[in-house]
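Data file: target05.cif. Format and content: mmCIF, C-alpha atoms; chains and numbers go by the auth columns.
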```cif
data_coords
#
loop_
_atom_site.group_PDB
_atom_site.id
_atom_site.type_symbol
_atom_site.label_atom_id
_atom_site.label_comp_id
_atom_site.label_asym_id
_atom_site.label_seq_id
_atom_site.Cartn_x
_atom_site.Cartn_y
_atom_site.Cartn_z
_atom_site.B_iso_or_equiv
_atom_site.auth_seq_id
_atom_site.auth_asym_id
ATOM 1 C CA MET A 1 -11.623 13.345 -19.642 0.00 252 A
ATOM 2 C CA ALA A 2 -11.361 11.968 -16.082 0.00 253 A
ATOM 3 C CA CYS A 3 -8.364 10.051 -14.753 0.00 254 A
ATOM 4 C CA ARG A 4 -10.301 6.791 -14.730 0.00 255 A
ATOM 5 C CA ASP A 5 -11.248 7.257 -18.408 0.00 256 A
ATOM 6 C CA VAL A 6 -7.615 7.800 -19.382 0.00 257 A
ATOM 7 C CA LEU A 7 -6.627 4.787 -17.309 0.00 258 A
ATOM 8 C CA LYS A 8 -9.230 2.599 -19.032 0.00 259 A
ATOM 9 C CA ALA A 9 -8.045 3.738 -22.456 0.00 260 A
ATOM 10 C CA GLU A 10 -4.361 2.970 -21.883 0.00 261 A
ATOM 11 C CA LYS A 11 -3.399 -0.647 -21.242 0.00 262 A
ATOM 12 C CA THR A 12 0.130 0.267 -20.070 0.00 263 A
ATOM 13 C CA LEU A 13 -1.270 2.662 -17.477 0.00 264 A
ATOM 14 C CA GLN A 14 -3.649 -0.046 -16.243 0.00 265 A
ATOM 15 C CA GLU A 15 -0.713 -2.423 -15.842 0.00 266 A
ATOM 16 C CA GLN A 16 1.314 0.209 -13.996 0.00 267 A
ATOM 17 C CA GLU A 17 -1.575 0.917 -11.638 0.00 268 A
ATOM 18 C CA ALA A 18 -2.039 -2.797 -10.906 0.00 269 A
ATOM 19 C CA ARG A 19 1.686 -3.168 -10.185 0.00 270 A
ATOM 20 C CA LEU A 20 1.738 -0.137 -7.896 0.00 271 A
ATOM 21 C CA ARG A 21 -1.412 -1.283 -6.084 0.00 272 A
ATOM 22 C CA SER A 22 0.347 -4.572 -5.243 0.00 273 A
ATOM 23 C CA ILE A 23 2.594 -2.634 -2.832 0.00 274 A
ATOM 24 C CA PRO A 24 1.156 -2.610 0.715 0.00 275 A
ATOM 25 C CA GLY A 25 -0.082 0.865 1.596 0.00 276 A
ATOM 26 C CA ILE A 26 -0.385 2.072 -2.001 0.00 277 A
ATOM 27 C CA GLY A 27 -4.050 2.596 -2.786 0.00 278 A
ATOM 28 C CA PRO A 28 -5.855 4.010 -5.801 0.00 279 A
ATOM 29 C CA VAL A 29 -5.061 7.651 -4.991 0.00 280 A
ATOM 30 C CA ALA A 30 -1.346 7.082 -4.408 0.00 281 A
ATOM 31 C CA ALA A 31 -1.054 4.884 -7.500 0.00 282 A
ATOM 32 C CA LEU A 32 -2.756 7.434 -9.756 0.00 283 A
ATOM 33 C CA THR A 33 -0.717 10.268 -8.228 0.00 284 A
ATOM 34 C CA LEU A 34 2.531 8.418 -8.940 0.00 285 A
ATOM 35 C CA ILE A 35 1.469 7.635 -12.510 0.00 286 A
ATOM 36 C CA ALA A 36 0.301 11.182 -13.237 0.00 287 A
ATOM 37 C CA HIS A 37 2.989 13.235 -11.506 0.00 288 A
ATOM 38 C CA MET A 38 6.077 11.019 -11.736 0.00 289 A
ATOM 39 C CA PRO A 39 6.611 10.039 -15.395 0.00 290 A
ATOM 40 C CA GLU A 40 10.289 9.323 -14.589 0.00 291 A
ATOM 41 C CA LEU A 41 9.263 6.355 -12.435 0.00 292 A
ATOM 42 C CA GLY A 42 11.129 3.272 -13.619 0.00 293 A
ATOM 43 C CA ASN A 43 13.648 5.260 -15.680 0.00 294 A
ATOM 44 C CA ARG A 44 15.852 6.788 -12.967 0.00 295 A
ATOM 45 C CA SER A 45 17.855 5.563 -9.977 0.00 296 A
ATOM 46 C CA ALA A 46 16.259 5.290 -6.541 0.00 297 A
ATOM 47 C CA LYS A 47 18.298 8.271 -5.305 0.00 298 A
ATOM 48 C CA ALA A 48 17.267 10.448 -8.244 0.00 299 A
ATOM 49 C CA ILE A 49 13.594 9.521 -7.831 0.00 300 A
ATOM 50 C CA ALA A 50 13.767 10.306 -4.098 0.00 301 A
ATOM 51 C CA ALA A 51 15.289 13.709 -4.859 0.00 302 A
ATOM 52 C CA LEU A 52 12.603 14.455 -7.465 0.00 303 A
ATOM 53 C CA ALA A 53 9.899 13.617 -4.930 0.00 304 A
ATOM 54 C CA GLY A 54 11.564 15.662 -2.200 0.00 305 A
ATOM 55 C CA LEU A 55 12.243 12.638 -0.003 0.00 306 A
ATOM 56 C CA ALA A 56 16.044 12.713 -0.163 0.00 307 A
ATOM 57 C CA PRO A 57 17.873 14.199 2.836 0.00 308 A
ATOM 58 C CA PHE A 58 20.099 17.169 2.053 0.00 309 A
ATOM 59 C CA ASN A 59 22.959 18.452 4.175 0.00 310 A
ATOM 60 C CA VAL A 60 22.581 21.676 6.117 0.00 311 A
ATOM 61 C CA ASP A 61 26.300 22.387 6.334 0.00 312 A
ATOM 62 C CA SER A 62 28.285 25.585 6.017 0.00 313 A
ATOM 63 C CA GLY A 63 32.036 25.809 6.440 0.00 314 A
ATOM 64 C CA THR A 64 32.966 23.837 9.542 0.00 315 A
ATOM 65 C CA SER A 65 29.390 23.861 10.828 0.00 316 A
ATOM 66 C CA ARG A 66 27.538 20.550 10.444 0.00 317 A
ATOM 67 C CA GLY A 67 23.772 20.459 10.746 0.00 318 A
ATOM 68 C CA LYS A 68 21.021 17.911 10.510 0.00 319 A
ATOM 69 C CA ARG A 69 19.862 16.493 7.213 0.00 320 A
ATOM 70 C CA HIS A 70 16.443 17.634 6.016 0.00 321 A
ATOM 71 C CA ILE A 71 14.171 16.780 3.129 0.00 322 A
ATOM 72 C CA ARG A 72 13.069 19.677 0.962 0.00 323 A
ATOM 73 C CA GLY A 73 11.874 20.665 -2.474 0.00 324 A
ATOM 74 C CA GLY A 74 10.544 18.141 -4.903 0.00 325 A
ATOM 75 C CA ARG A 75 7.000 17.382 -5.907 0.00 326 A
ATOM 76 C CA LYS A 76 4.629 18.030 -3.038 0.00 327 A
ATOM 77 C CA ARG A 77 1.748 15.955 -4.423 0.00 328 A
ATOM 78 C CA ILE A 78 3.979 12.894 -4.663 0.00 329 A
ATOM 79 C CA ARG A 79 5.363 13.477 -1.180 0.00 330 A
ATOM 80 C CA ASP A 80 1.870 13.916 0.283 0.00 331 A
ATOM 81 C CA ALA A 81 0.523 10.765 -1.385 0.00 332 A
ATOM 82 C CA LEU A 82 3.524 8.713 -0.243 0.00 333 A
ATOM 83 C CA TYR A 83 3.269 10.098 3.291 0.00 334 A
ATOM 84 C CA MET A 84 -0.282 8.761 3.560 0.00 335 A
ATOM 85 C CA ALA A 85 0.730 5.457 1.947 0.00 336 A
ATOM 86 C CA ALA A 86 3.641 5.119 4.394 0.00 337 A
ATOM 87 C CA LEU A 87 1.343 5.871 7.312 0.00 338 A
ATOM 88 C CA THR A 88 -0.924 3.035 6.194 0.00 339 A
ATOM 89 C CA ALA A 89 1.969 0.664 5.481 0.00 340 A
ATOM 90 C CA SER A 90 3.508 1.308 8.904 0.00 341 A
ATOM 91 C CA ARG A 91 0.386 -0.122 10.514 0.00 342 A
ATOM 92 C CA MET A 92 0.074 -3.217 8.328 0.00 343 A
ATOM 93 C CA PRO A 93 1.389 -6.221 10.279 0.00 344 A
ATOM 94 C CA ARG A 94 2.790 -8.158 7.327 0.00 345 A
ATOM 95 C CA ALA A 95 4.137 -5.198 5.392 0.00 346 A
ATOM 96 C CA PHE A 96 6.473 -2.574 6.825 0.00 347 A
ATOM 97 C CA LYS A 97 5.366 -2.546 10.464 0.00 348 A
ATOM 98 C CA SER A 98 8.461 -4.410 11.667 0.00 349 A
ATOM 99 C CA HIS A 99 10.728 -1.922 9.878 0.00 350 A
ATOM 100 C CA ALA A 100 8.823 1.001 11.436 0.00 351 A
ATOM 101 C CA ASP A 101 8.929 -0.611 14.885 0.00 352 A
ATOM 102 C CA GLN A 102 12.707 -1.138 14.643 0.00 353 A
ATOM 103 C CA MET A 103 13.212 2.526 13.810 0.00 354 A
ATOM 104 C CA LYS A 104 10.933 3.619 16.677 0.00 355 A
ATOM 105 C CA GLU A 105 12.850 1.384 19.108 0.00 356 A
ATOM 106 C CA ALA A 106 16.084 2.991 17.899 0.00 357 A
ATOM 107 C CA GLY A 107 14.673 6.319 19.064 0.00 358 A
ATOM 108 C CA LYS A 108 13.774 7.832 15.705 0.00 359 A
ATOM 109 C CA PRO A 109 11.024 10.483 15.747 0.00 360 A
ATOM 110 C CA PHE A 110 7.650 9.599 14.228 0.00 361 A
ATOM 111 C CA LYS A 111 8.021 11.771 11.120 0.00 362 A
ATOM 112 C CA VAL A 112 11.501 10.429 10.409 0.00 363 A
ATOM 113 C CA VAL A 113 10.080 6.896 10.462 0.00 364 A
ATOM 114 C CA ILE A 114 7.201 7.784 8.130 0.00 365 A
ATOM 115 C CA ILE A 115 9.431 9.674 5.665 0.00 366 A
ATOM 116 C CA ALA A 116 11.887 6.755 5.623 0.00 367 A
ATOM 117 C CA LEU A 117 9.005 4.400 4.814 0.00 368 A
ATOM 118 C CA ALA A 118 7.730 6.795 2.134 0.00 369 A
ATOM 119 C CA ARG A 119 11.170 6.784 0.518 0.00 370 A
ATOM 120 C CA LYS A 120 11.279 3.001 0.744 0.00 371 A
ATOM 121 C CA LEU A 121 7.842 2.751 -0.905 0.00 372 A
ATOM 122 C CA LEU A 122 9.004 5.058 -3.694 0.00 373 A
ATOM 123 C CA ALA A 123 12.149 2.990 -4.277 0.00 374 A
ATOM 124 C CA ILE A 124 10.045 -0.186 -4.414 0.00 375 A
ATOM 125 C CA ALA A 125 7.575 1.475 -6.813 0.00 376 A
ATOM 126 C CA ASN A 126 10.470 2.575 -9.021 0.00 377 A
ATOM 127 C CA ALA A 127 11.889 -0.964 -9.143 0.00 378 A
ATOM 128 C CA ILE A 128 8.487 -2.535 -9.793 0.00 379 A
ATOM 129 C CA ILE A 129 7.749 -0.230 -12.716 0.00 380 A
ATOM 130 C CA ARG A 130 11.287 -0.662 -14.091 0.00 381 A
ATOM 131 C CA ASP A 131 11.241 -4.475 -13.857 0.00 382 A
ATOM 132 C CA LYS A 132 7.544 -4.859 -14.759 0.00 383 A
ATOM 133 C CA THR A 133 6.846 -7.114 -11.759 0.00 384 A
ATOM 134 C CA THR A 134 4.545 -7.037 -8.754 0.00 385 A
ATOM 135 C CA PHE A 135 5.377 -6.686 -5.064 0.00 386 A
ATOM 136 C CA ARG A 136 6.592 -9.845 -3.355 0.00 387 A
ATOM 137 C CA ARG A 137 7.303 -9.738 0.340 0.00 388 A
ATOM 138 C CA THR A 138 10.678 -11.175 1.283 0.00 389 A
ATOM 139 C CA THR A 139 11.116 -12.776 4.691 0.00 390 A
#
```

Will you turn the file into structure tokens for me?
Amino acid sequence: MACRDVLKAEKTLQEQEARLRSIPGIGPVAALTLIAHMPELGNRSAKAIAALAGLAPFNVDSGTSRGKRHIRGGRKRIRDALYMAALTASRMPRAFKSHADQMKEAGKPFKVVIIALARKLLAIANAIIRDKTTFRRTT
């Protein structure tokens, strides 16, 4: 059975897809990837969801040595889908472009900006599924 057939058969999955698709940048592929590979969505904290997806920064410290924070581990398919969604959202004028531009002006590297937006999209998706609402842009 194909993904679309399963989606058509389950009303709750249809509702979840519609809610996720209301987020700027989240298309059909990203929405289905989140539904299929992240069953914890809506049931965990934003930090826990980010860690599960591999979008949470971890310390690279040892003894007195302090290193940079890096993302690692997690679910690659989720991370890949959110990377592409964040790339799209960063270019949408009314969505997250201003947030991306602020980070770029602060001197953040391109990939840091995109990963930060991907984590933000995941946190929004988690809240939307948890609260059973749709995306509403705040000014």

Restricting to only C-alpha atoms, whichever of A:Ala302, A:Ala336, A:Ala307, A:Leu292 is closest to Ala376 in chain A is A:Leu292

Next on the checklist: Can you translate the PyMOL selection byres ((chain A and resi 265) around 12) into the concrete residues it hits in this file, as a ChimeraX atom specification?
Outcome noted: /A:254-264,266-272,279,282-283,286,380

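The space between CA of Ile277 in chain A and CA of Leu372 in chain A spans 8.3 Å.
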
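What the PyMOL selection byres ((chain A and resi 328) around 9) picks from this file is A:Thr284, A:Leu285, A:His288, A:Ala304, A:Arg326, A:Lys327, A:Ile329, A:Arg330, A:Asp331, A:Ala332, A:Leu333.
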
From CA of Thr385 in chain A to CA of Ile274 in chain A the spacing works out at 7.6 Å

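Nearest-residue note for Thr339 in chain A: choosing from A:Ala287, A:Ala281, A:Ala357, A:Leu306, the minimum distance belongs to A:Ala281, counting only C-alpha atoms.
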
Would you pull range 336-349 of chain A out of the block just shown and save N, CA and C atoms as a tab-separated table (two decimals), in the first residue's frame?
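Listed below is the output, decode-v7.tsv:
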```
chain	number	residue	atom	x	y	z
A	336	ALA	N	13.08	21.96	3.64
A	336	ALA	CA	11.97	22.83	4.02
A	336	ALA	C	12.50	24.17	4.54
A	337	ALA	N	13.57	24.14	5.32
A	337	ALA	CA	14.16	25.37	5.86
A	337	ALA	C	14.76	26.22	4.75
A	338	LEU	N	15.35	25.56	3.77
A	338	LEU	CA	15.91	26.28	2.62
A	338	LEU	C	14.81	27.03	1.89
A	339	THR	N	13.68	26.37	1.70
A	339	THR	CA	12.53	27.02	1.06
A	339	THR	C	11.98	28.14	1.92
A	340	ALA	N	11.80	27.87	3.21
A	340	ALA	CA	11.24	28.87	4.12
A	340	ALA	C	12.12	30.10	4.24
A	341	SER	N	13.43	29.92	4.14
A	341	SER	CA	14.35	31.06	4.28
A	341	SER	C	14.23	32.03	3.12
A	342	ARG	N	13.63	31.58	2.03
A	342	ARG	CA	13.48	32.44	0.86
A	342	ARG	C	12.07	33.02	0.71
A	343	MET	N	11.16	32.62	1.58
A	343	MET	CA	9.79	33.10	1.51
A	343	MET	C	9.68	34.42	2.26
A	344	PRO	N	9.29	35.49	1.56
A	344	PRO	CA	9.31	36.82	2.17
A	344	PRO	C	8.47	36.96	3.43
A	345	ARG	N	7.31	36.34	3.48
A	345	ARG	CA	6.44	36.53	4.64
A	345	ARG	C	6.66	35.47	5.72
A	346	ALA	N	7.53	34.54	5.49
A	346	ALA	CA	7.67	33.44	6.45
A	346	ALA	C	8.86	33.67	7.38
A	347	PHE	N	9.97	33.06	7.09
A	347	PHE	CA	11.12	33.08	7.98
A	347	PHE	C	12.31	33.81	7.38
A	348	LYS	N	12.09	34.53	6.30
A	348	LYS	CA	13.18	35.25	5.62
A	348	LYS	C	13.81	36.30	6.54
A	349	SER	N	12.99	37.03	7.28
A	349	SER	CA	13.54	38.07	8.16
A	349	SER	C	14.41	37.45	9.25
```
